[in-house]
Amino acid sequence: MRLSRYFLPVLKETPAEAQIVSHRYMLRAGMIKQQAAGIYSWLPLGFKVLRKIENIVHEEQQRAGHIPLLMPTLQPADLWRESGRYDDYGEEMLRIRDRHDRDMLYGPTNEEMITDIFRSHVSSYKDLPLTLYHIQWKFRDEIRPRFGVMRGREFYMKDGYNFDLTKEDALHAYNRHLVSYLRTYERMGLQAIPMRADSGPIGGDDTHEFLVLAETGESEVFYDSAVTDLTFGDREIDYDSVEQCQGVLEEFTSKYARTDETHDEALFNQIPEERRRVARGIEVGQIFYFGTKYSEAMGAEVQGPDGKKVPVHMGSHGIGVSRLLGAIIEASHDDKGIIWPEGVTPFHVGIVNLRQGDEATDAACEQLYKALTAAGLEPLYDDTNERAGGKFATMDLIGLPWRITVGPRGLKNGVVELTSRRTGESEEMSLEAAIARVQEIYAPHMG
Ligand code: ATP
Ligand code: MG
């Protein structure tokens, strides 16, 4: 993309309404625009990152064997009357009446609708195990929407639902989700720690929340610092293997890590003092096993091997796709702007032309732009007439992890400059070498 033809409405001033750094930078970098409290337009740069995050979530869900579908945002109230949640859900549910006086609602989650789909089409244990998921807009009429996309009213969520014959099978689905979530967050450059949590209005027994540590997080968390040493890395895992998934769950949940709702002071005090941590975190996902709560209420049964009908065991599993943009920025920024991890960056590399209009410099930039594009990378070429300082400030603010600076002086010596946004370190090299280096850096992220 050439910046002169892009739509990047960068703000010079810091918007007064933004209280936390991710919200400030998302507004300043022209990623989002608020349209009403907790409701945002996603401007091109923000939309690009949202899509990158969404793609990673899709890839990892499908790697785990989960099947994508798409349910609508609007739902009939009658489904929720069957489960009893139409009355229970309260003020957070946005209720709508259509022209025929039918009660509708903008879905805050989809347990009821997915259970309805299941009961309409599945009747035998032979069709199990089954996990269906979608990524769709949700609406919750939060009493205090704040912090930009972190706590919106309209927000984008991946929600998946497993259907299994037995509790044992459903717990495998739970473990499988935990493993796939670990991989998902790591691909986004995030450490998200699974913490024992409280099940809240969805109801159920087993649940973990995934938290990204950040001072601005809304949850208070208590953990053994040893959990932060764990990484999933690039290990291969067979998602059908009960032992392997169980093993990963045990490894990642054996150390104390809890939210304030489930915190146990006596247990916490058994951790050696130097490893006890009280901190704040951003909830970026949650997994639940809730058994037959919805399948019993809504008649989602299958015929078992013995011919008897039994309600299926279910769980639901959510990832806060739009909240993740805020969480990533909270975890990765400096005083100049965002620092995108390579896995989610909107453009792979910025090209800064230091002397727009200089024949040799323009030609070198064009050559670079074309070669990077041909290599399957997305460069953002600042081909505007802005002075160098302004170009650098914009690149730093929007946070592309790599920048190639091209100017007449370097070109005389046959070099351009490759700069890391994270470390600020620059290296001079030939144009060809810069292209090769950028390709090498992104090779692990190119699907
Ligand atoms: P919270 O406790 O933050 O209100 P929740 O536990 O009610 O969230 P879930 O039902 O578990 O949310 O939804 C799954 C994920 O969706 C959450 O882990 C979170 O990342 C995201 N999410 C929930 N509410 C919002 C919101 N208002 N804005 C943005 N993301 C949200
Ligand atoms: Mg939750």
# chains A, B, ... in the order shown; residues from 1 in each chain; ligands from 1
$ residues_near_ligand --ligand "ligand 1" --cutoff "8 Å" --atoms "only C-alpha atoms and all ligand atoms" --output "ChimeraX atom specification"
/A:108-109,139-142,145,149-159,200,202,209-210,218,282-287,317-324
$ closest_atom_pairs --of "segment 32-142 of chain A" --to "segment 229-245 of chain A" --cutoff "10 Å" --atoms "only C-alpha atoms" --output "tab-separated table"
residue	atom	partner	partner_atom	distance
A:Arg63	CA	A:Tyr239	CA	8.3
A:Ala64	CA	A:Tyr239	CA	5.7
A:Gly65	CA	A:Tyr239	CA	7.7
$ closest_residue --among "A:Met314, A:Ala371, A:Ala197, A:Ala388" --to "Ser295 of chain A" --atoms "only C-alpha atoms"
A:Met314
$ residues_around --residues "Arg81 of chain A" --least-positions-apart "6" --cutoff "12 Å" --atoms "only C-alpha atoms" --output "list of chain:residue names"
A:Gln75, A:Asp87, A:Asp88, A:Tyr89, A:Asp103, A:Met104, A:Leu105, A:Glu112, A:Met113, A:Tyr294, A:Ala297, A:Met298
$ write_last_selection --atoms "N, CA and C atoms" --output "PDB file, in the first residue's frame"
ATOM      1  N   GLN A  75     -31.572 -12.678  17.439  1.00  0.00           N
ATOM      2  CA  GLN A  75     -32.118 -13.982  17.837  1.00  0.00           C
ATOM      3  C   GLN A  75     -33.551 -13.801  18.338  1.00  0.00           C
ATOM      4  N   ASP A  87     -35.284 -14.091  31.074  1.00  0.00           N
ATOM      5  CA  ASP A  87     -35.525 -13.289  32.275  1.00  0.00           C
ATOM      6  C   ASP A  87     -34.260 -13.101  33.105  1.00  0.00           C
ATOM      7  N   ASP A  88     -33.406 -14.128  33.125  1.00  0.00           N
ATOM      8  CA  ASP A  88     -32.227 -14.069  34.001  1.00  0.00           C
ATOM      9  C   ASP A  88     -31.158 -13.093  33.532  1.00  0.00           C
ATOM     10  N   TYR A  89     -31.059 -12.874  32.219  1.00  0.00           N
ATOM     11  CA  TYR A  89     -29.885 -12.173  31.709  1.00  0.00           C
ATOM     12  C   TYR A  89     -29.817 -10.706  32.130  1.00  0.00           C
ATOM     13  N   ASP A 103     -40.708 -10.596  20.007  1.00  0.00           N
ATOM     14  CA  ASP A 103     -39.563 -10.222  20.830  1.00  0.00           C
ATOM     15  C   ASP A 103     -38.289 -10.825  20.248  1.00  0.00           C
ATOM     16  N   MET A 104     -37.338  -9.952  20.034  1.00  0.00           N
ATOM     17  CA  MET A 104     -36.041 -10.357  19.500  1.00  0.00           C
ATOM     18  C   MET A 104     -34.972  -9.835  20.456  1.00  0.00           C
ATOM     19  N   LEU A 105     -33.738 -10.235  20.214  1.00  0.00           N
ATOM     20  CA  LEU A 105     -32.636  -9.685  20.993  1.00  0.00           C
ATOM     21  C   LEU A 105     -31.369  -9.733  20.151  1.00  0.00           C
ATOM     22  N   GLU A 112     -28.017 -20.954  23.381  1.00  0.00           N
ATOM     23  CA  GLU A 112     -29.368 -21.386  23.037  1.00  0.00           C
ATOM     24  C   GLU A 112     -29.483 -21.701  21.545  1.00  0.00           C
ATOM     25  N   MET A 113     -28.950 -20.796  20.706  1.00  0.00           N
ATOM     26  CA  MET A 113     -29.117 -20.992  19.265  1.00  0.00           C
ATOM     27  C   MET A 113     -28.344 -22.221  18.770  1.00  0.00           C
ATOM     28  N   TYR A 294     -27.892 -26.945  29.229  1.00  0.00           N
ATOM     29  CA  TYR A 294     -28.726 -26.487  28.107  1.00  0.00           C
ATOM     30  C   TYR A 294     -29.376 -27.642  27.364  1.00  0.00           C
ATOM     31  N   ALA A 297     -32.492 -28.592  29.287  1.00  0.00           N
ATOM     32  CA  ALA A 297     -33.541 -27.566  29.222  1.00  0.00           C
ATOM     33  C   ALA A 297     -34.162 -27.501  27.826  1.00  0.00           C
ATOM     34  N   MET A 298     -33.365 -27.793  26.791  1.00  0.00           N
ATOM     35  CA  MET A 298     -33.846 -27.590  25.423  1.00  0.00           C
ATOM     36  C   MET A 298     -34.009 -28.884  24.641  1.00  0.00           C
TER      37      MET A 298
END
$ closest_residue --among "A:Val352, A:Leu213, A:Ala363, A:Ile56" --to "Lys391 of chain A" --atoms "only C-alpha atoms"
A:Val352
$ select_by_dssp --residues "segment 47-254 of chain A" --states "strand (DSSP E)" --output "ChimeraX atom specification"
/A:67-68,74-76,94-97,103-106,130-139,154-164,192-196,206-213,219-224
$ write_last_selection --atoms "C-alpha atoms" --output "compact mmCIF listing (two decimals), in the first residue's frame"
# COMPACT_ATOMS: atom_id res chain seq x y z
CA ILE A 67 -15.98 -26.56 12.51
CA PRO A 68 -16.86 -22.98 11.51
CA LEU A 74 -30.38 -11.16 16.04
CA GLN A 75 -32.12 -13.98 17.84
CA PRO A 76 -35.74 -14.76 18.72
CA LEU A 94 -30.48 -5.53 24.19
CA ARG A 95 -34.11 -6.38 23.53
CA ILE A 96 -35.79 -5.45 20.29
CA ARG A 97 -39.36 -5.81 19.02
CA ASP A 103 -39.56 -10.22 20.83
CA MET A 104 -36.04 -10.36 19.50
CA LEU A 105 -32.64 -9.69 20.99
CA TYR A 106 -29.13 -8.87 19.82
CA LEU A 130 -18.77 -32.30 17.47
CA THR A 131 -17.48 -28.79 18.06
CA LEU A 132 -19.02 -25.90 16.15
CA TYR A 133 -17.87 -22.32 16.40
CA HIS A 134 -18.36 -18.92 14.85
CA ILE A 135 -16.82 -15.48 14.99
CA GLN A 136 -19.62 -12.96 15.16
CA TRP A 137 -20.54 -9.57 16.62
CA LYS A 138 -22.10 -9.66 20.05
CA PHE A 139 -23.95 -6.99 21.97
CA GLU A 154 -20.80 -4.21 20.43
CA PHE A 155 -17.77 -6.51 20.23
CA TYR A 156 -16.39 -9.33 18.12
CA MET A 157 -16.12 -12.74 19.69
CA LYS A 158 -15.24 -16.25 18.76
CA ASP A 159 -17.60 -18.58 20.56
CA GLY A 160 -17.43 -22.33 20.17
CA TYR A 161 -19.58 -25.12 21.55
CA ASN A 162 -18.73 -28.78 22.03
CA PHE A 163 -21.26 -31.62 22.02
CA ASP A 164 -20.21 -34.95 23.50
CA ALA A 192 -2.18 -15.41 28.24
CA ILE A 193 -2.23 -17.38 31.47
CA PRO A 194 -5.07 -19.83 32.13
CA MET A 195 -6.49 -19.08 35.57
CA ARG A 196 -9.12 -20.89 37.56
CA ASP A 206 -15.07 -26.25 35.20
CA THR A 207 -13.87 -22.98 33.85
CA HIS A 208 -10.61 -21.19 33.16
CA GLU A 209 -10.11 -17.63 32.04
CA PHE A 210 -7.08 -16.60 29.98
CA LEU A 211 -5.45 -13.45 31.27
CA VAL A 212 -2.86 -11.15 29.80
CA LEU A 213 -0.96 -9.41 32.57
CA SER A 219 -9.32 -8.24 36.85
CA GLU A 220 -7.27 -8.72 39.99
CA VAL A 221 -5.19 -11.90 39.72
CA PHE A 222 -3.09 -13.99 42.07
CA TYR A 223 -0.43 -16.36 40.78
CA ASP A 224 2.79 -18.21 41.29
$ residues_around --residues "Ser426 of chain A" --least-positions-apart "3" --cutoff "10 Å" --atoms "only C-alpha atoms" --output "count of residues only"
12
$ select_by_dssp --residues "segment 83-215 of chain A" --states "alpha helix (DSSP H)" --output "ChimeraX atom specification"
/A:83,85-88,111-121,167-187
$ decode --residues "segment 218-230 of chain A" --atoms "all heavy atoms" --output "PDB file, in the first residue's frame"
ATOM      1  N   GLU A 218      -8.688  -5.172  34.071  1.00  0.00           N
ATOM      2  CA  GLU A 218      -9.822  -4.955  34.980  1.00  0.00           C
ATOM      3  C   GLU A 218      -9.927  -6.037  36.053  1.00  0.00           C
ATOM      4  O   GLU A 218     -10.683  -5.886  36.998  1.00  0.00           O
ATOM      5  CB  GLU A 218     -11.130  -4.901  34.173  1.00  0.00           C
ATOM      6  CG  GLU A 218     -11.224  -3.659  33.304  1.00  0.00           C
ATOM      7  CD  GLU A 218     -12.590  -3.531  32.643  1.00  0.00           C
ATOM      8  OE1 GLU A 218     -12.914  -4.347  31.765  1.00  0.00           O
ATOM      9  OE2 GLU A 218     -13.334  -2.621  33.024  1.00  0.00           O
ATOM     10  N   SER A 219      -9.212  -7.151  35.879  1.00  0.00           N
ATOM     11  CA  SER A 219      -9.321  -8.242  36.849  1.00  0.00           C
ATOM     12  C   SER A 219      -8.113  -8.251  37.778  1.00  0.00           C
ATOM     13  O   SER A 219      -6.976  -8.051  37.340  1.00  0.00           O
ATOM     14  CB  SER A 219      -9.357  -9.594  36.130  1.00  0.00           C
ATOM     15  OG  SER A 219     -10.235  -9.571  35.046  1.00  0.00           O
ATOM     16  N   GLU A 220      -8.371  -8.530  39.055  1.00  0.00           N
ATOM     17  CA  GLU A 220      -7.268  -8.724  39.989  1.00  0.00           C
ATOM     18  C   GLU A 220      -6.909 -10.207  39.955  1.00  0.00           C
ATOM     19  O   GLU A 220      -7.789 -11.066  39.987  1.00  0.00           O
ATOM     20  CB  GLU A 220      -7.667  -8.311  41.404  1.00  0.00           C
ATOM     21  CG  GLU A 220      -6.482  -8.360  42.340  1.00  0.00           C
ATOM     22  CD  GLU A 220      -6.773  -7.761  43.710  1.00  0.00           C
ATOM     23  OE1 GLU A 220      -7.912  -7.899  44.198  1.00  0.00           O
ATOM     24  OE2 GLU A 220      -5.833  -7.173  44.284  1.00  0.00           O
ATOM     25  N   VAL A 221      -5.617 -10.504  39.841  1.00  0.00           N
ATOM     26  CA  VAL A 221      -5.194 -11.897  39.720  1.00  0.00           C
ATOM     27  C   VAL A 221      -4.096 -12.224  40.722  1.00  0.00           C
ATOM     28  O   VAL A 221      -3.342 -11.345  41.148  1.00  0.00           O
ATOM     29  CB  VAL A 221      -4.718 -12.220  38.280  1.00  0.00           C
ATOM     30  CG1 VAL A 221      -5.860 -12.059  37.288  1.00  0.00           C
ATOM     31  CG2 VAL A 221      -3.530 -11.358  37.868  1.00  0.00           C
ATOM     32  N   PHE A 222      -4.045 -13.496  41.078  1.00  0.00           N
ATOM     33  CA  PHE A 222      -3.091 -13.994  42.065  1.00  0.00           C
ATOM     34  C   PHE A 222      -2.408 -15.207  41.458  1.00  0.00           C
ATOM     35  O   PHE A 222      -3.082 -16.113  40.992  1.00  0.00           O
ATOM     36  CB  PHE A 222      -3.831 -14.414  43.339  1.00  0.00           C
ATOM     37  CG  PHE A 222      -4.642 -13.301  43.955  1.00  0.00           C
ATOM     38  CD1 PHE A 222      -5.897 -12.968  43.447  1.00  0.00           C
ATOM     39  CD2 PHE A 222      -4.156 -12.572  45.031  1.00  0.00           C
ATOM     40  CE1 PHE A 222      -6.644 -11.933  43.993  1.00  0.00           C
ATOM     41  CE2 PHE A 222      -4.894 -11.532  45.594  1.00  0.00           C
ATOM     42  CZ  PHE A 222      -6.146 -11.215  45.067  1.00  0.00           C
ATOM     43  N   TYR A 223      -1.078 -15.221  41.427  1.00  0.00           N
ATOM     44  CA  TYR A 223      -0.426 -16.358  40.779  1.00  0.00           C
ATOM     45  C   TYR A 223       0.985 -16.600  41.308  1.00  0.00           C
ATOM     46  O   TYR A 223       1.595 -15.729  41.941  1.00  0.00           O
ATOM     47  CB  TYR A 223      -0.412 -16.172  39.256  1.00  0.00           C
ATOM     48  CG  TYR A 223       0.379 -14.976  38.775  1.00  0.00           C
ATOM     49  CD1 TYR A 223       1.704 -15.114  38.373  1.00  0.00           C
ATOM     50  CD2 TYR A 223      -0.197 -13.708  38.733  1.00  0.00           C
ATOM     51  CE1 TYR A 223       2.442 -14.018  37.935  1.00  0.00           C
ATOM     52  CE2 TYR A 223       0.532 -12.622  38.303  1.00  0.00           C
ATOM     53  CZ  TYR A 223       1.847 -12.774  37.906  1.00  0.00           C
ATOM     54  OH  TYR A 223       2.573 -11.692  37.479  1.00  0.00           O
ATOM     55  N   ASP A 224       1.428 -17.796  41.005  1.00  0.00           N
ATOM     56  CA  ASP A 224       2.794 -18.214  41.288  1.00  0.00           C
ATOM     57  C   ASP A 224       3.633 -17.757  40.095  1.00  0.00           C
ATOM     58  O   ASP A 224       3.312 -18.106  38.951  1.00  0.00           O
ATOM     59  CB  ASP A 224       2.778 -19.757  41.404  1.00  0.00           C
ATOM     60  CG  ASP A 224       4.150 -20.348  41.652  1.00  0.00           C
ATOM     61  OD1 ASP A 224       5.168 -19.678  41.373  1.00  0.00           O
ATOM     62  OD2 ASP A 224       4.181 -21.507  42.117  1.00  0.00           O
ATOM     63  N   SER A 225       4.685 -16.983  40.330  1.00  0.00           N
ATOM     64  CA  SER A 225       5.447 -16.421  39.199  1.00  0.00           C
ATOM     65  C   SER A 225       5.998 -17.512  38.277  1.00  0.00           C
ATOM     66  O   SER A 225       6.337 -17.230  37.128  1.00  0.00           O
ATOM     67  CB  SER A 225       6.582 -15.536  39.691  1.00  0.00           C
ATOM     68  OG  SER A 225       7.527 -16.326  40.380  1.00  0.00           O
ATOM     69  N   ALA A 226       6.055 -18.756  38.764  1.00  0.00           N
ATOM     70  CA  ALA A 226       6.547 -19.848  37.915  1.00  0.00           C
ATOM     71  C   ALA A 226       5.660 -20.064  36.682  1.00  0.00           C
ATOM     72  O   ALA A 226       6.136 -20.586  35.670  1.00  0.00           O
ATOM     73  CB  ALA A 226       6.647 -21.143  38.716  1.00  0.00           C
ATOM     74  N   VAL A 227       4.379 -19.637  36.728  1.00  0.00           N
ATOM     75  CA  VAL A 227       3.525 -19.841  35.541  1.00  0.00           C
ATOM     76  C   VAL A 227       4.000 -19.007  34.362  1.00  0.00           C
ATOM     77  O   VAL A 227       3.761 -19.373  33.208  1.00  0.00           O
ATOM     78  CB  VAL A 227       2.005 -19.531  35.750  1.00  0.00           C
ATOM     79  CG1 VAL A 227       1.370 -20.478  36.732  1.00  0.00           C
ATOM     80  CG2 VAL A 227       1.773 -18.092  36.127  1.00  0.00           C
ATOM     81  N   THR A 228       4.665 -17.894  34.646  1.00  0.00           N
ATOM     82  CA  THR A 228       5.065 -17.039  33.526  1.00  0.00           C
ATOM     83  C   THR A 228       6.280 -17.606  32.784  1.00  0.00           C
ATOM     84  O   THR A 228       6.650 -17.109  31.724  1.00  0.00           O
ATOM     85  CB  THR A 228       5.371 -15.590  33.991  1.00  0.00           C
ATOM     86  OG1 THR A 228       6.402 -15.652  34.988  1.00  0.00           O
ATOM     87  CG2 THR A 228       4.146 -14.929  34.580  1.00  0.00           C
ATOM     88  N   ASP A 229       6.893 -18.650  33.322  1.00  0.00           N
ATOM     89  CA  ASP A 229       8.012 -19.302  32.613  1.00  0.00           C
ATOM     90  C   ASP A 229       7.516 -20.298  31.572  1.00  0.00           C
ATOM     91  O   ASP A 229       8.303 -20.784  30.754  1.00  0.00           O
ATOM     92  CB  ASP A 229       8.908 -20.076  33.601  1.00  0.00           C
ATOM     93  CG  ASP A 229       9.552 -19.145  34.610  1.00  0.00           C
ATOM     94  OD1 ASP A 229       9.693 -17.942  34.291  1.00  0.00           O
ATOM     95  OD2 ASP A 229       9.896 -19.603  35.717  1.00  0.00           O
ATOM     96  N   LEU A 230       6.228 -20.634  31.627  1.00  0.00           N
ATOM     97  CA  LEU A 230       5.722 -21.670  30.713  1.00  0.00           C
ATOM     98  C   LEU A 230       5.434 -21.087  29.330  1.00  0.00           C
ATOM     99  O   LEU A 230       4.812 -20.037  29.209  1.00  0.00           O
ATOM    100  CB  LEU A 230       4.415 -22.250  31.267  1.00  0.00           C
ATOM    101  CG  LEU A 230       4.518 -22.974  32.610  1.00  0.00           C
ATOM    102  CD1 LEU A 230       3.120 -23.272  33.148  1.00  0.00           C
ATOM    103  CD2 LEU A 230       5.321 -24.256  32.457  1.00  0.00           C
TER     104      LEU A 230
END
